[in-house]
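Heads up, model-v4.txt below (compact mmCIF, C-alpha atoms):
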# COMPACT_ATOMS: atom_id res chain seq x y z
CA MET B 1 59.96 27.51 16.56
CA LYS B 2 61.55 26.86 19.94
CA THR B 3 58.20 25.67 21.34
CA LYS B 4 57.74 23.31 18.39
CA GLY B 5 61.24 21.97 18.91
CA LEU B 6 60.59 21.27 22.57
CA LEU B 7 57.29 19.60 21.70
CA PHE B 8 59.03 17.38 19.17
CA VAL B 9 61.65 16.36 21.73
CA ALA B 10 58.93 15.61 24.30
CA LEU B 11 56.98 13.48 21.82
CA LEU B 12 60.15 11.66 20.79
CA PHE B 13 60.98 10.93 24.43
CA LEU B 14 57.44 9.66 25.09
CA SER B 15 57.55 7.46 21.99
CA THR B 16 60.89 6.02 23.03
CA ALA B 17 59.61 5.34 26.54
CA VAL B 18 56.50 3.56 25.25
CA SER B 19 58.57 1.50 22.82
CA ALA B 20 60.95 0.50 25.61
CA GLN B 21 58.04 -0.47 27.84
CA ASN B 22 56.54 -2.66 25.11
CA ALA B 23 59.85 -4.10 23.95
CA GLU B 24 60.15 -7.86 23.74
CA VAL B 25 62.58 -9.54 26.07
CA SER B 26 65.73 -10.53 24.17
CA THR B 27 65.49 -14.19 25.18
CA ARG B 28 63.02 -16.40 27.03
CA GLU B 29 65.81 -18.58 28.45
CA MET B 30 66.93 -17.71 31.96
CA GLU B 31 70.45 -19.01 31.37
CA ARG B 32 70.91 -16.68 28.39
CA ILE B 33 69.49 -13.44 29.77
CA ASN B 34 71.57 -10.71 31.39
CA TRP B 35 70.78 -9.86 35.03
CA MET B 36 69.94 -6.23 34.23
CA GLU B 37 67.40 -7.19 31.59
CA PHE B 38 66.02 -9.86 33.95
CA LYS B 39 65.41 -7.12 36.52
CA GLU B 40 63.58 -5.00 33.94
CA PHE B 41 61.17 -7.75 32.92
CA ILE B 42 60.65 -9.98 35.97
CA PRO B 43 58.16 -9.78 37.56
CA SER B 44 56.75 -6.50 36.22
CA LYS B 45 56.24 -7.78 32.65
CA ILE B 46 56.79 -11.55 32.99
CA ASN B 47 55.73 -13.43 36.13
CA THR B 48 55.47 -16.97 34.75
CA VAL B 49 58.30 -19.47 34.42
CA ILE B 50 58.43 -22.95 32.87
CA LEU B 51 60.76 -25.53 34.42
CA PRO B 52 61.33 -28.56 32.13
CA THR B 53 62.11 -31.76 34.04
CA GLY B 54 63.06 -35.21 32.78
CA THR B 55 65.65 -37.93 33.18
CA LEU B 56 68.05 -40.11 31.20
CA GLU B 57 66.71 -43.56 30.33
CA PRO B 58 66.23 -45.85 27.29
CA HIS B 59 63.56 -44.90 24.76
CA GLY B 60 63.57 -47.56 22.07
CA VAL B 61 65.15 -45.99 19.00
CA ILE B 62 65.06 -42.36 20.13
CA ASN B 63 67.59 -40.59 22.34
CA ASN B 64 68.13 -41.49 26.00
CA GLY B 65 67.38 -37.87 26.83
CA ALA B 66 63.96 -37.84 25.16
CA ASP B 67 62.33 -36.98 28.50
CA ASN B 68 64.43 -33.81 28.50
CA THR B 69 64.23 -33.07 24.77
CA ALA B 70 60.41 -33.08 24.70
CA PRO B 71 59.58 -30.66 27.53
CA THR B 72 62.48 -28.36 26.65
CA ALA B 73 61.33 -28.03 23.03
CA MET B 74 57.75 -27.55 24.13
CA ALA B 75 58.76 -24.80 26.55
CA LYS B 76 60.64 -22.98 23.79
CA THR B 77 57.66 -23.32 21.44
CA ILE B 78 55.06 -21.91 23.82
CA ALA B 79 57.01 -19.52 26.08
CA ALA B 80 56.30 -16.33 24.14
CA GLY B 81 52.63 -17.22 23.69
CA VAL B 82 52.07 -17.74 27.41
CA ASN B 83 54.48 -14.91 28.32
CA ALA B 84 56.85 -17.09 30.30
CA MET B 85 60.55 -17.44 30.91
CA ILE B 86 62.20 -20.86 30.69
CA ALA B 87 64.34 -22.14 33.55
CA PRO B 88 67.26 -24.48 32.70
CA THR B 89 66.10 -28.07 32.23
CA LEU B 90 66.58 -30.46 35.15
CA PRO B 91 67.92 -33.46 33.18
CA TYR B 92 68.35 -36.09 35.91
CA GLY B 93 65.44 -37.74 37.68
CA ILE B 94 63.87 -40.75 39.35
CA THR B 95 64.26 -43.24 36.51
CA GLY B 96 62.89 -46.36 38.21
CA SER B 97 62.58 -49.74 36.52
CA MET B 98 64.76 -48.82 33.50
CA GLU B 99 67.79 -47.61 35.41
CA ALA B 100 69.76 -50.78 34.51
CA TYR B 101 69.89 -49.89 30.80
CA PRO B 102 73.08 -48.36 29.39
CA GLY B 103 73.20 -44.59 29.73
CA ALA B 104 70.41 -44.37 32.31
CA PHE B 105 70.71 -42.37 35.52
CA GLN B 106 68.85 -42.89 38.78
CA ILE B 107 68.55 -40.11 41.36
CA SER B 108 67.13 -41.17 44.70
CA GLU B 109 64.02 -39.45 46.01
CA ALA B 110 66.02 -38.48 49.10
CA ALA B 111 68.33 -36.41 46.89
CA TYR B 112 65.81 -35.35 44.23
CA ARG B 113 63.04 -34.00 46.46
CA PRO B 114 65.03 -31.32 48.37
CA PHE B 115 66.94 -30.32 45.23
CA VAL B 116 63.73 -29.71 43.27
CA LYS B 117 62.23 -27.85 46.21
CA GLU B 118 65.16 -25.47 46.40
CA ILE B 119 64.96 -24.84 42.66
CA LEU B 120 61.27 -23.93 42.98
CA GLU B 121 62.02 -21.75 46.00
CA GLY B 122 64.72 -20.01 43.96
CA LEU B 123 62.25 -19.30 41.15
CA ALA B 124 59.83 -17.85 43.68
CA LYS B 125 62.60 -15.73 45.23
CA ASN B 126 63.40 -14.32 41.80
CA GLY B 127 59.89 -12.96 41.46
CA PHE B 128 57.95 -15.59 39.53
CA ARG B 129 54.33 -15.88 40.63
CA ASN B 130 53.38 -18.79 38.35
CA ILE B 131 55.73 -21.79 38.29
CA ILE B 132 54.93 -24.35 35.59
CA ILE B 133 56.71 -27.70 35.81
CA MET B 134 56.79 -29.24 32.33
CA ASN B 135 57.52 -32.84 33.23
CA GLY B 136 58.83 -35.29 30.65
CA HIS B 137 59.16 -38.37 32.84
CA GLY B 138 56.56 -40.35 34.77
CA GLY B 139 56.78 -43.09 37.35
CA GLY B 140 57.60 -42.03 40.88
CA GLN B 141 58.91 -38.69 39.67
CA THR B 142 55.41 -37.35 39.02
CA ALA B 143 54.24 -37.83 42.59
CA VAL B 144 57.37 -36.18 43.99
CA LEU B 145 57.02 -33.16 41.70
CA GLN B 146 53.35 -32.74 42.58
CA SER B 147 54.07 -33.00 46.30
CA VAL B 148 56.98 -30.57 46.27
CA ALA B 149 55.15 -28.09 44.03
CA ALA B 150 52.21 -28.06 46.43
CA GLU B 151 54.53 -27.46 49.38
CA VAL B 152 56.25 -24.52 47.69
CA ALA B 153 52.93 -23.01 46.57
CA LYS B 154 51.72 -22.89 50.17
CA GLU B 155 55.00 -21.88 51.80
CA LYS B 156 56.04 -19.19 49.30
CA ASN B 157 52.58 -17.94 48.29
CA VAL B 158 53.09 -18.76 44.61
CA ARG B 159 51.01 -20.75 42.14
CA THR B 160 52.28 -24.03 40.72
CA LEU B 161 51.17 -26.32 37.91
CA VAL B 162 52.68 -29.73 37.09
CA ILE B 163 52.02 -31.09 33.59
CA ASN B 164 52.77 -34.62 32.33
CA TRP B 165 52.49 -33.78 28.66
CA TRP B 166 52.08 -37.33 27.27
CA SER B 167 49.20 -38.16 29.64
CA PHE B 168 47.55 -34.79 29.15
CA ALA B 169 47.80 -35.30 25.38
CA SER B 170 46.33 -38.83 25.31
CA ASP B 171 43.28 -37.63 23.38
CA GLU B 172 45.53 -36.06 20.75
CA THR B 173 47.45 -39.33 20.46
CA LYS B 174 44.26 -41.20 19.62
CA GLU B 175 43.01 -38.41 17.36
CA VAL B 176 46.17 -38.22 15.24
CA PHE B 177 47.22 -41.89 15.23
CA GLY B 178 43.92 -43.67 15.82
CA GLU B 179 45.32 -45.67 18.75
CA ASP B 180 46.99 -45.37 22.13
CA GLY B 181 50.75 -44.89 22.51
CA GLY B 182 53.37 -45.81 25.04
CA HIS B 183 56.73 -45.05 26.56
CA ALA B 184 58.92 -44.58 23.45
CA GLY B 185 55.91 -45.74 21.44
CA LEU B 186 54.44 -44.09 18.38
CA ASN B 187 53.41 -40.92 20.24
CA GLU B 188 56.67 -40.14 22.07
CA THR B 189 58.77 -41.19 19.09
CA ALA B 190 56.67 -38.95 16.83
CA PHE B 191 57.09 -36.04 19.22
CA ILE B 192 60.88 -36.38 19.12
CA GLN B 193 60.79 -36.93 15.35
CA ALA B 194 58.98 -33.60 14.96
CA ILE B 195 61.60 -31.85 17.13
CA ASP B 196 64.70 -33.40 15.56
CA PRO B 197 64.52 -36.37 13.14
CA THR B 198 68.23 -37.03 13.65
CA LEU B 199 67.43 -38.28 17.16
CA VAL B 200 65.38 -41.15 15.69
CA ASN B 201 67.33 -44.25 14.64
CA ARG B 202 64.85 -45.95 12.31
CA ALA B 203 67.31 -48.63 11.23
CA ARG B 204 67.38 -50.10 14.74
CA TYR B 205 63.61 -50.34 15.15
CA LYS B 206 61.63 -53.57 15.25
CA ASP B 207 58.26 -54.25 16.87
CA ASP B 208 59.85 -56.86 19.11
CA LEU B 209 61.53 -54.06 21.06
CA ALA B 210 58.13 -53.30 22.63
CA THR B 211 56.26 -54.94 25.51
CA ALA B 212 52.81 -53.98 26.73
CA TYR B 213 52.75 -52.80 30.33
CA PRO B 214 51.12 -55.40 32.59
CA LYS B 215 47.67 -54.88 33.99
CA PRO B 216 47.74 -54.10 37.73
CA GLY B 217 48.16 -57.19 39.87
CA THR B 218 49.28 -59.49 37.04
CA TRP B 219 53.08 -59.33 36.85
CA SER B 220 56.01 -56.99 37.33
CA ALA B 221 59.65 -57.08 36.33
CA VAL B 222 62.72 -55.08 37.29
CA PRO B 223 64.39 -54.09 35.02
CA PHE B 224 61.45 -53.74 32.65
CA PRO B 225 62.19 -56.20 29.80
CA SER B 226 61.74 -53.70 26.95
CA SER B 227 62.78 -50.12 26.30
CA ILE B 228 59.39 -49.49 24.64
CA GLY B 229 56.38 -49.92 26.91
CA LEU B 230 52.95 -49.99 25.27
CA TYR B 231 49.91 -48.69 27.15
CA GLN B 232 47.57 -51.10 25.35
CA GLU B 233 48.27 -54.57 23.98
CA GLY B 234 48.74 -54.39 20.20
CA GLN B 235 48.74 -50.58 20.06
CA GLY B 236 51.47 -47.97 19.95
CA TYR B 237 54.03 -49.54 17.62
CA VAL B 238 56.21 -46.90 15.97
CA LYS B 239 55.21 -45.72 12.48
CA PHE B 240 57.75 -42.93 11.61
CA ASP B 241 55.13 -40.83 9.76
CA GLN B 242 56.66 -37.34 9.57
CA LYS B 243 53.42 -35.59 8.59
CA LYS B 244 51.55 -37.07 11.55
CA ALA B 245 54.52 -36.38 13.81
CA ASP B 246 54.43 -32.69 12.92
CA GLU B 247 50.66 -32.57 13.34
CA TYR B 248 50.92 -34.28 16.72
CA TYR B 249 53.57 -31.83 17.93
CA ARG B 250 51.39 -28.86 16.95
CA LYS B 251 48.29 -30.25 18.63
CA VAL B 252 50.10 -31.18 21.84
CA THR B 253 51.94 -27.88 22.23
CA ASP B 254 48.74 -25.92 21.50
CA LYS B 255 46.85 -27.94 24.11
CA VAL B 256 49.52 -27.43 26.74
CA ALA B 257 49.75 -23.70 26.02
CA ASN B 258 45.96 -23.38 26.29
CA LEU B 259 46.02 -25.19 29.63
CA ILE B 260 48.65 -22.86 31.07
CA THR B 261 46.81 -19.77 29.82
CA GLU B 262 43.49 -20.96 31.22
CA VAL B 263 44.86 -21.99 34.62
CA VAL B 264 46.65 -18.65 35.05
CA ARG B 265 43.51 -16.78 33.97
CA LYS B 266 41.41 -18.60 36.53
CA TRP B 267 44.02 -18.07 39.26
CA ASP B 268 43.84 -14.36 38.50
CA MET B 269 40.05 -14.34 38.30
CA ALA B 270 39.81 -16.02 41.71
CA GLY B 271 42.29 -13.55 43.19
CA LEU B 272 44.63 -16.31 44.35
Encoding of this model in structure tokens:
Amino acid sequence: MKTKGLLFVALLFLSTAVSAQNAEVSTREMERINWMEFKEFIPSKINTVILPTGTLEPHGVINNGADNTAPTAMAKTIAAGVNAMIAPTLPYGITGSMEAYPGAFQISEAAYRPFVKEILEGLAKNGFRNIIIMNGHGGGQTAVLQSVAAEVAKEKNVRTLVINWWSFASDETKEVFGEDGGHAGLNETAFIQAIDPTLVNRARYKDDLATAYPKPGTWSAVPFPSSIGLYQEGQGYVKFDQKKADEYYRKVTDKVANLITEVVRKWDMAGL
């Protein structure tokens, strides 16, 4: 009987140990996790982190922080599936030609570049091998993020991936809506509508809020004359179709998650 009792205790201990090893992290958000749990999971069980980046600027009839709302929501949607933690969103960026609009913020490249670099270096120091920058804002910010990410990858021996979700999802935009989108156009507005419809002010919308971006070498204006910039003349006007908005969100987040999974797999396969 004593032998059976000891065997039962041993099996119970082994079962508890296995369960603890396979336990799910309590949160995927770095700002919500306790340091002791962080130590248990990173990097032994989780070595990927997603850093959402954006800015504050006008977006037609959706929130000024849409460039933060979109990548943050996407990170939360896909984090468990790609086994990643989520770093706090960097909400200020290089806004560019829309900085004159009310509520917009402009951070100079001279200030932004070293700040972002130190954030990435901090993520590397904390044990993350794969650093995914989920960027919600284009313009000059994209080039800076790509440059800094490449520098940190080489200097800290980590692997970095920068994703501009709206450009990467251009095929899904055309598939779901049958046309191209734009800055605060039907695609970005739909994405925010799927995340939180209360951030969409339909009553203020009119097509005249939009202007097609000029073809290279034709004209330029600072500030840009509209808070909605269309990629193609006559395409991208907002529709407010909730069903298509939800479909678009699912397709985009799935595509981004698949990209992250595939890039990490190929990094591993190449032994990088």
(message) Can you measure atom CA of B:Ile228 to atom CA of B:Ser147 for me? One decimal in Å is fine.
(response)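 Calculated distance between atom CA of B:Ile228 and atom CA of B:Ser147 is 27.7 Å.
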(message) Residues within 8 Å of stretch 133-142 of chain B, please, as a list in words. Count all atoms listed in the file; anything in the same chain fewer than 4 positions from it doesn't count.
(response)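 Everything that qualifies: Ile50, Leu51, Pro52, Thr53, Gly54, Thr55, Ala66, Asp67, Asn68, Ala70, Pro71, Ala75, Gly93, Ile94, Thr95, Gly96, Gln146, Thr160, Leu161, Val162, Ile163, Asn164, Trp165 and Trp166 of chain B.
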List every residue of stretch 26-107 of chain B that has an atom at most 10 Å from any atom of stretch 202-212 of chain B, and for each one report the closest atom pair and its distance in Å to one decimal, counting all atoms listed in the file, with rows sorted by chain and then by increasing residue number, as a Markdown table.
| residue | atom | partner | partner_atom | distance |
| --- | --- | --- | --- | --- |
| B:Gly60 | CA | B:Leu209 | CA | 6.9 |
| B:Val61 | CA | B:Tyr205 | CA | 6.0 |
| B:Ile62 | CA | B:Arg202 | CA | 8.6 |
(request) Excluding B:Ala190 and residues on its chain fewer than 6 positions from it, collect all residues at most 9 Å away from it, counting all atoms listed in the file, and give them as a list in words. (result)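 Residues meeting the cut-off are Ala184, Val238, Lys239, Phe240, Asp241, Gln242, Lys244, Ala245, Asp246, Tyr248 and Tyr249 of chain B.
For the choices B:Phe168, B:Phe38, B:Phe105, B:Tyr112, the atom-to-atom distance to B:Asn258 is smallest for B:Phe168 when using all atoms listed in the file.
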(message) If I take atom CA of B:Glu40 and atom CA of B:Arg159, how far is one from the other in Å, to one decimal?
(response)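 Taking atom CA of B:Glu40 as the start and atom CA of B:Arg159 as the end point, the length is 21.8 Å.
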(message) When you look at B:Gly181 with a cut-off of 7 Å (counting all atoms listed in the file), what residues show up, excluding the ones that are within fewer than 6 positions of it in the same chain? I need them as an MDAnalysis selection string.
(response) chainID B and resid 173 187 230:231 235:236
(request) Quick one: everything within 12 Å of B:Val25, counting only C-alpha atoms, minus sequence neighbours fewer than 4 positions away in the same chain. Send it as a ChimeraX atom specification. (result) /B:20-21,29-30,32-34,36-42,45-46,79-80,83-85
(message) Give me, as a ChimeraX atom specification, all polymer residues having an atom no more than 10 Å from B:Leu259, counting all atoms listed in the file and skipping those fewer than 3 positions away in the same chain.
(response) /B:82,161,163,168,253-256,262-265
(message) One decimal, in Å: what's the spacing between atom CA of B:Gly178 and atom CA of B:Val252?
(response)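 The value is 15.2 Å.
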(request) Find, counting only C-alpha atoms, the residue in B:Ala153, B:Ala257, B:Leu120, B:Val144 that gets nearest to B:Pro88. (result)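 Of all the options, B:Leu120 lies closest to B:Pro88.
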(request) Find the residue from B:Thr27, B:Ala270, B:His59, B:Tyr213 that sits nearest to B:Glu99; use all atoms listed in the file when measuring. (result)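 Answer, going by the shortest atom-to-atom distance: B:His59.
Counting all atoms listed in the file, the residue from B:Ser227, B:Asn64, B:Lys266, B:Met74 that sits nearest to B:His183 is B:Ser227.
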Centre and edge lengths of an axis-aligned box around all listed atoms of stretch 132-141 of chain B, with 3 Å added on each side, are to be given in Å to one decimal, as lines of an AutoDock Vina configuration file.
center_x = 57.0
center_y = -33.7
center_z = 35.8
size_x = 10.2
size_y = 24.7
size_z = 16.2
(message) Between B:Leu145, B:Ser26, B:Ser97, B:Asn130, which residue has the minimum interatomic distance to B:Trp267, considering all atoms listed in the file?
(response)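 The closest residue to B:Trp267 is B:Asn130.
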Can you complete the atoms of stretch 202-216 of chain B to N, CA and C atoms and list them as a tab-separated table (two decimals), in the coordinates of the input?
chain	number	residue	atom	x	y	z
B	202	ARG	N	65.85	-45.04	12.91
B	202	ARG	CA	64.85	-45.95	12.31
B	202	ARG	C	65.44	-47.32	12.03
B	203	ALA	N	66.70	-47.36	11.64
B	203	ALA	CA	67.31	-48.63	11.23
B	203	ALA	C	67.34	-49.65	12.36
B	204	ARG	N	67.31	-49.18	13.60
B	204	ARG	CA	67.38	-50.10	14.74
B	204	ARG	C	66.00	-50.55	15.23
B	205	TYR	N	64.94	-50.02	14.63
B	205	TYR	CA	63.61	-50.34	15.15
B	205	TYR	C	63.10	-51.70	14.67
B	206	LYS	N	62.43	-52.40	15.58
B	206	LYS	CA	61.63	-53.57	15.25
B	206	LYS	C	60.55	-53.69	16.33
B	207	ASP	N	59.39	-54.17	15.93
B	207	ASP	CA	58.26	-54.25	16.87
B	207	ASP	C	58.59	-55.06	18.11
B	208	ASP	N	59.52	-55.98	17.98
B	208	ASP	CA	59.85	-56.86	19.11
B	208	ASP	C	60.56	-56.11	20.25
B	209	LEU	N	60.95	-54.87	20.00
B	209	LEU	CA	61.53	-54.06	21.06
B	209	LEU	C	60.49	-53.65	22.10
B	210	ALA	N	59.20	-53.79	21.76
B	210	ALA	CA	58.13	-53.30	22.63
B	210	ALA	C	57.48	-54.41	23.44
B	211	THR	N	57.04	-54.05	24.64
B	211	THR	CA	56.26	-54.94	25.51
B	211	THR	C	55.13	-54.12	26.11
B	212	ALA	N	53.94	-54.68	26.12
B	212	ALA	CA	52.81	-53.98	26.73
B	212	ALA	C	52.97	-53.98	28.25
B	213	TYR	N	52.69	-52.86	28.87
B	213	TYR	CA	52.75	-52.80	30.33
B	213	TYR	C	51.72	-53.75	30.93
B	214	PRO	N	52.06	-54.44	32.01
B	214	PRO	CA	51.12	-55.40	32.59
B	214	PRO	C	49.94	-54.72	33.26
B	215	LYS	N	48.81	-55.39	33.25
B	215	LYS	CA	47.67	-54.88	33.99
B	215	LYS	C	47.97	-55.00	35.48
B	216	PRO	N	47.45	-54.08	36.28
B	216	PRO	CA	47.74	-54.10	37.73
B	216	PRO	C	47.43	-55.46	38.36
